[in-house]
Amino acid sequence: MKKCLRGLLGIRVQPNKTIAKLCRGECIEIGALSAPAVLPKATSIRYADVGTKEQTKNALEKIGYFGYHKRKEGFVDVDIVFGANEPPLASLASASVDTVFSSHSLEHSSNPIAALMDYLRVLRPGGIVYTIIPNKKYTYDRKRALTPSEVLIDKYVNDRWAYTLDEYRDVYLNTENHEVYDNHTEADILQAFEDADGHHHIYVYDETNVMAMIAFVVERSGGELIYFDSSNNSELHFAIRK
């Protein structure tokens, strides 16, 4: 599949160079935290996240995130705050920006196809959604079962958001070598479910379900897949043009 896609799309550019090339104009970056992207062709960048800077830092502190990632400082100020169980850019007008850049964010969405459709909605014609998702095969999610694309499509078709308790339990029981989960209790799982905490990889991805998701989104939206790359192993990169 990867060779076929690259032959079709003529993909030969390193992902960071492609980001710089494609992401331009008025940009929205989702989930930047303390590592915002370098977008040299952006005329403006607004940051969107599931909470304000302080709310996000507090939520990550609560689940022990900083013990694992060691980054407490340098968080960007959040311009667009959205709820965990709603389209992330619902507050923005349609056809109002040129680029939506989402890195290591979509895997935290309880309805990722709806999120992608919302990203496309706010783009002007010709605008780009550039997305990076971790590949479960090369992360601490490697032992977890791949989320079936049918589950993702069903959630979109039936407009279902949020996660089940069993989905939280899967994360805590089957994530390997991760400080946040290694010494968990049942109370931790119940609290995460009660908080509707999205700071976990509830759904996990590889090339198979990502390509199925992209195919569905492109068909429904009329967009065009212009870039796909999985060569750096730990991440899947793709870009859709509106």
# chains A, B, ... in the order shown; residues from 1 in each chain; ligands from 1
>>> residues_around(residues="Ser102 (chain A)", least_positions_apart="6", cutoff="6 Å", atoms="only C-alpha atoms", output="MDAnalysis selection string")
chainID A and resid 29:30 131
>>> residues_around(residues="region 15-24 of chain A", least_positions_apart="6", cutoff="6 Å", atoms="only C-alpha atoms", output="JSON list (two decimals) with N, CA and C atoms, in the first residue's frame")
[["chain", "number", "residue", "atom", "x", "y", "z"],
["A", 39, "LEU", "N", 6.01, 26.82, 11.24],
["A", 39, "LEU", "CA", 5.26, 26.99, 10.00],
["A", 39, "LEU", "C", 5.70, 28.29, 9.33],
["A", 41, "LYS", "N", 5.57, 29.58, 6.44],
["A", 41, "LYS", "CA", 4.72, 30.26, 5.46],
["A", 41, "LYS", "C", 3.38, 30.71, 6.04],
["A", 42, "ALA", "N", 3.22, 30.54, 7.34],
["A", 42, "ALA", "CA", 2.00, 31.00, 7.99],
["A", 42, "ALA", "C", 2.01, 32.52, 8.13],
["A", 99, "THR", "N", -5.16, 26.76, 6.71],
["A", 99, "THR", "CA", -4.50, 25.52, 7.14],
["A", 99, "THR", "C", -4.99, 25.12, 8.52]]
>>> closest_residue(among="A:Ser103, A:Thr139, A:Asn174, A:Ser109", to="His237 (chain A)", atoms="only C-alpha atoms")
A:Ser103
>>> select_by_dssp(residues="region 24-126 of chain A", states="alpha helix (DSSP H)", output="list in words")
Lys53, Glu54, Gln55, Thr56, Lys57, Asn58, Ala59, Leu60, Glu61, Lys62, Tyr65, Phe66, Gly67, Tyr68, His69, Pro112, Ile113, Ala114, Ala115, Leu116, Met117, Asp118, Tyr119, Leu120 and Arg121 of chain A
>>> write_last_selection(atoms="C-alpha atoms", output="PDB file, in the first residue's frame")
ATOM      1  CA  LYS A  53      -3.042  26.547  28.922  1.00  0.00           C
ATOM      2  CA  GLU A  54      -3.449  26.210  32.689  1.00  0.00           C
ATOM      3  CA  GLN A  55      -6.344  23.743  32.464  1.00  0.00           C
ATOM      4  CA  THR A  56      -4.348  21.531  30.129  1.00  0.00           C
ATOM      5  CA  LYS A  57      -1.237  21.635  32.304  1.00  0.00           C
ATOM      6  CA  ASN A  58      -3.312  20.775  35.389  1.00  0.00           C
ATOM      7  CA  ALA A  59      -5.046  17.877  33.633  1.00  0.00           C
ATOM      8  CA  LEU A  60      -1.733  16.449  32.435  1.00  0.00           C
ATOM      9  CA  GLU A  61      -0.230  16.860  35.897  1.00  0.00           C
ATOM     10  CA  LYS A  62      -3.170  14.949  37.363  1.00  0.00           C
ATOM     11  CA  TYR A  65       1.967  13.010  32.189  1.00  0.00           C
ATOM     12  CA  PHE A  66       4.942  15.124  33.213  1.00  0.00           C
ATOM     13  CA  GLY A  67       6.628  12.240  34.967  1.00  0.00           C
ATOM     14  CA  TYR A  68       6.779  10.599  31.555  1.00  0.00           C
ATOM     15  CA  HIS A  69       7.333  13.492  29.155  1.00  0.00           C
ATOM     16  CA  PRO A 112     -11.855  11.418  14.853  1.00  0.00           C
ATOM     17  CA  ILE A 113     -13.730  11.399  11.551  1.00  0.00           C
ATOM     18  CA  ALA A 114     -16.068  14.127  12.791  1.00  0.00           C
ATOM     19  CA  ALA A 115     -13.001  16.082  13.903  1.00  0.00           C
ATOM     20  CA  LEU A 116     -11.407  15.751  10.452  1.00  0.00           C
ATOM     21  CA  MET A 117     -14.637  16.825   8.774  1.00  0.00           C
ATOM     22  CA  ASP A 118     -14.726  19.853  11.067  1.00  0.00           C
ATOM     23  CA  TYR A 119     -11.136  20.723  10.140  1.00  0.00           C
ATOM     24  CA  LEU A 120     -12.127  20.628   6.471  1.00  0.00           C
ATOM     25  CA  ARG A 121     -15.252  22.687   7.093  1.00  0.00           C
TER      26      ARG A 121
END
>>> closest_atom_pairs(of="region 33-95 of chain A", to="region 152-169 of chain A", cutoff="9 Å", atoms="only C-alpha atoms", output="CSV")
residue,atom,partner,partner_atom,distance
A:Ala84,CA,A:Ala162,CA,7.7
A:Asn85,CA,A:Trp161,CA,5.3
A:Glu86,CA,A:Trp161,CA,7.1
>>> write_last_selection(atoms="C-alpha atoms", output="PDB file, in the first residue's frame")
ATOM      1  CA  ALA A  84     -13.764  17.054  24.705  1.00  0.00           C
ATOM      2  CA  ASN A  85     -16.938  15.710  23.130  1.00  0.00           C
ATOM      3  CA  GLU A  86     -17.728  18.184  20.381  1.00  0.00           C
TER       4      GLU A  86
END
>>> closest_residue(among="A:Ala90, A:Ala35, A:Val122, A:Val218", to="His104 (chain A)", atoms="only C-alpha atoms")
A:Ala35
>>> select_by_dssp(residues="region 10-241 of chain A", states="strand (DSSP E or B)", output="ChimeraX atom specification")
/A:24-30,41-49,80-81,97-103,123-134,224-229,235-241
>>> closest_residue(among="A:Ser96, A:Ile133, A:Arg241, A:Val180", to="His199 (chain A)", atoms="only C-alpha atoms")
A:Val180
>>> closest_residue(among="A:Ala239, A:Leu173, A:Ile28, A:Val97", to="Ile202 (chain A)", atoms="only C-alpha atoms")
A:Leu173
>>> atom_distance(atom1="CA of Phe238 (chain A)", atom2="CA of Ser221 (chain A)")
15.7 Å
>>> decode(residues="region 71-211 of chain A", atoms="C-alpha atoms", output="mmCIF file, in the first residue's frame")
data_model
loop_
_atom_site.group_PDB
_atom_site.id
_atom_site.type_symbol
_atom_site.label_atom_id
_atom_site.label_comp_id
_atom_site.auth_asym_id
_atom_site.auth_seq_id
_atom_site.Cartn_x
_atom_site.Cartn_y
_atom_site.Cartn_z
ATOM 1 C CA ARG A 71 7.836 19.102 29.783
ATOM 2 C CA LYS A 72 6.122 21.545 32.082
ATOM 3 C CA GLU A 73 7.219 24.834 30.599
ATOM 4 C CA GLY A 74 6.748 26.673 27.346
ATOM 5 C CA PHE A 75 3.075 25.894 26.793
ATOM 6 C CA VAL A 76 1.438 28.090 24.172
ATOM 7 C CA ASP A 77 -1.478 30.348 25.021
ATOM 8 C CA VAL A 78 -4.675 28.744 23.740
ATOM 9 C CA ASP A 79 -6.824 30.949 21.514
ATOM 10 C CA ILE A 80 -9.628 28.460 20.812
ATOM 11 C CA VAL A 81 -10.900 26.238 23.629
ATOM 12 C CA PHE A 82 -13.197 23.358 22.708
ATOM 13 C CA GLY A 83 -15.002 20.632 24.635
ATOM 14 C CA ALA A 84 -13.764 17.054 24.705
ATOM 15 C CA ASN A 85 -16.938 15.710 23.130
ATOM 16 C CA GLU A 86 -17.728 18.184 20.381
ATOM 17 C CA PRO A 87 -16.308 19.233 17.000
ATOM 18 C CA PRO A 88 -13.048 20.983 17.885
ATOM 19 C CA LEU A 89 -13.481 24.038 15.670
ATOM 20 C CA ALA A 90 -17.232 24.485 16.076
ATOM 21 C CA SER A 91 -16.725 28.095 17.176
ATOM 22 C CA LEU A 92 -15.091 29.034 13.850
ATOM 23 C CA ALA A 93 -16.920 30.119 10.724
ATOM 24 C CA SER A 94 -16.819 27.865 7.690
ATOM 25 C CA ALA A 95 -14.228 28.692 5.010
ATOM 26 C CA SER A 96 -12.340 31.050 7.322
ATOM 27 C CA VAL A 97 -8.734 29.713 7.441
ATOM 28 C CA ASP A 98 -6.119 28.288 5.073
ATOM 29 C CA THR A 99 -4.503 25.524 7.141
ATOM 30 C CA VAL A 100 -5.400 23.255 10.034
ATOM 31 C CA PHE A 101 -2.335 21.532 11.499
ATOM 32 C CA SER A 102 -2.975 18.694 13.947
ATOM 33 C CA SER A 103 -0.006 16.821 15.399
ATOM 34 C CA HIS A 104 -0.521 14.011 17.923
ATOM 35 C CA SER A 105 -4.005 15.319 18.594
ATOM 36 C CA LEU A 106 -6.498 13.346 16.500
ATOM 37 C CA GLU A 107 -5.731 10.125 18.403
ATOM 38 C CA HIS A 108 -7.205 11.843 21.465
ATOM 39 C CA SER A 109 -10.550 12.494 19.769
ATOM 40 C CA SER A 110 -13.533 10.304 20.608
ATOM 41 C CA ASN A 111 -14.900 10.942 17.101
ATOM 42 C CA PRO A 112 -11.855 11.418 14.853
ATOM 43 C CA ILE A 113 -13.730 11.399 11.551
ATOM 44 C CA ALA A 114 -16.068 14.127 12.791
ATOM 45 C CA ALA A 115 -13.001 16.082 13.903
ATOM 46 C CA LEU A 116 -11.407 15.751 10.452
ATOM 47 C CA MET A 117 -14.637 16.825 8.774
ATOM 48 C CA ASP A 118 -14.726 19.853 11.067
ATOM 49 C CA TYR A 119 -11.136 20.723 10.140
ATOM 50 C CA LEU A 120 -12.127 20.628 6.471
ATOM 51 C CA ARG A 121 -15.252 22.687 7.093
ATOM 52 C CA VAL A 122 -13.302 25.709 8.327
ATOM 53 C CA LEU A 123 -10.893 25.681 5.360
ATOM 54 C CA ARG A 124 -11.165 27.985 2.413
ATOM 55 C CA PRO A 125 -11.200 26.227 -0.982
ATOM 56 C CA GLY A 126 -7.713 24.866 -1.633
ATOM 57 C CA GLY A 127 -6.881 24.867 2.082
ATOM 58 C CA ILE A 128 -4.938 22.049 3.739
ATOM 59 C CA VAL A 129 -5.510 19.782 6.715
ATOM 60 C CA TYR A 130 -2.139 18.341 7.762
ATOM 61 C CA THR A 131 -2.360 15.580 10.356
ATOM 62 C CA ILE A 132 0.206 13.516 12.271
ATOM 63 C CA ILE A 133 -0.905 10.423 14.199
ATOM 64 C CA PRO A 134 1.361 8.049 16.161
ATOM 65 C CA ASN A 135 1.693 4.583 14.631
ATOM 66 C CA LYS A 136 0.801 2.062 17.335
ATOM 67 C CA LYS A 137 3.288 -0.491 16.000
ATOM 68 C CA TYR A 138 6.217 1.607 17.210
ATOM 69 C CA THR A 139 4.857 3.136 20.423
ATOM 70 C CA TYR A 140 3.805 1.991 23.878
ATOM 71 C CA ASP A 141 0.451 1.062 22.250
ATOM 72 C CA ARG A 142 2.026 -1.797 20.289
ATOM 73 C CA LYS A 143 0.329 -4.567 22.305
ATOM 74 C CA ARG A 144 -3.122 -3.038 22.082
ATOM 75 C CA ALA A 145 -5.643 -4.152 19.481
ATOM 76 C CA LEU A 146 -5.994 -1.862 16.480
ATOM 77 C CA THR A 147 -9.187 0.193 16.594
ATOM 78 C CA PRO A 148 -11.379 -1.115 13.749
ATOM 79 C CA SER A 149 -12.165 1.494 11.119
ATOM 80 C CA GLU A 150 -15.784 0.364 11.382
ATOM 81 C CA VAL A 151 -15.882 1.678 14.954
ATOM 82 C CA LEU A 152 -14.604 5.078 13.823
ATOM 83 C CA ILE A 153 -17.059 5.269 10.914
ATOM 84 C CA ASP A 154 -19.991 4.190 13.096
ATOM 85 C CA LYS A 155 -19.246 6.926 15.620
ATOM 86 C CA TYR A 156 -19.269 9.525 12.862
ATOM 87 C CA VAL A 157 -22.408 8.248 11.134
ATOM 88 C CA ASN A 158 -24.317 8.122 14.426
ATOM 89 C CA ASP A 159 -22.762 11.327 15.821
ATOM 90 C CA ARG A 160 -21.515 9.574 18.935
ATOM 91 C CA TRP A 161 -18.862 11.183 21.093
ATOM 92 C CA ALA A 162 -17.236 10.170 24.412
ATOM 93 C CA TYR A 163 -15.656 6.836 25.357
ATOM 94 C CA THR A 164 -16.919 3.810 27.235
ATOM 95 C CA LEU A 165 -15.540 2.603 30.548
ATOM 96 C CA ASP A 166 -14.203 -0.517 28.819
ATOM 97 C CA GLU A 167 -12.264 1.671 26.367
ATOM 98 C CA TYR A 168 -10.560 3.446 29.267
ATOM 99 C CA ARG A 169 -9.882 0.103 30.903
ATOM 100 C CA ASP A 170 -8.163 -1.157 27.739
ATOM 101 C CA VAL A 171 -5.749 1.798 27.830
ATOM 102 C CA TYR A 172 -4.802 1.298 31.460
ATOM 103 C CA LEU A 173 -4.460 -2.485 31.235
ATOM 104 C CA ASN A 174 -2.724 -2.895 27.887
ATOM 105 C CA THR A 175 -0.411 0.098 27.430
ATOM 106 C CA GLU A 176 3.153 -1.072 28.049
ATOM 107 C CA ASN A 177 6.174 0.597 29.637
ATOM 108 C CA HIS A 178 4.451 3.879 30.356
ATOM 109 C CA GLU A 179 4.765 5.528 33.746
ATOM 110 C CA VAL A 180 1.200 6.861 33.655
ATOM 111 C CA TYR A 181 -0.283 3.352 33.488
ATOM 112 C CA ASP A 182 2.248 0.993 35.055
ATOM 113 C CA ASN A 183 0.979 1.424 38.628
ATOM 114 C CA HIS A 184 -2.656 2.298 38.022
ATOM 115 C CA THR A 185 -5.588 1.347 40.222
ATOM 116 C CA GLU A 186 -9.218 0.681 39.340
ATOM 117 C CA ALA A 187 -9.970 4.068 40.888
ATOM 118 C CA ASP A 188 -7.710 5.713 38.293
ATOM 119 C CA ILE A 189 -9.725 4.119 35.485
ATOM 120 C CA LEU A 190 -13.048 5.146 36.990
ATOM 121 C CA GLN A 191 -11.795 8.699 37.537
ATOM 122 C CA ALA A 192 -10.593 9.011 33.941
ATOM 123 C CA PHE A 193 -13.989 7.813 32.714
ATOM 124 C CA GLU A 194 -15.821 10.208 35.042
ATOM 125 C CA ASP A 195 -13.631 13.114 33.901
ATOM 126 C CA ALA A 196 -14.091 12.182 30.209
ATOM 127 C CA ASP A 197 -10.308 12.565 30.110
ATOM 128 C CA GLY A 198 -9.070 12.804 26.528
ATOM 129 C CA HIS A 199 -5.357 12.862 27.350
ATOM 130 C CA HIS A 200 -4.990 9.186 26.457
ATOM 131 C CA HIS A 201 -4.667 7.130 23.277
ATOM 132 C CA ILE A 202 -8.107 5.576 23.597
ATOM 133 C CA TYR A 203 -8.122 4.697 19.897
ATOM 134 C CA VAL A 204 -4.938 3.453 18.255
ATOM 135 C CA TYR A 205 -3.854 3.585 14.642
ATOM 136 C CA ASP A 206 -1.641 2.143 11.941
ATOM 137 C CA GLU A 207 -1.634 2.500 8.150
ATOM 138 C CA THR A 208 -4.674 0.248 7.772
ATOM 139 C CA ASN A 209 -7.315 2.124 9.729
ATOM 140 C CA VAL A 210 -5.842 5.535 8.921
ATOM 141 C CA MET A 211 -6.155 4.867 5.192
#
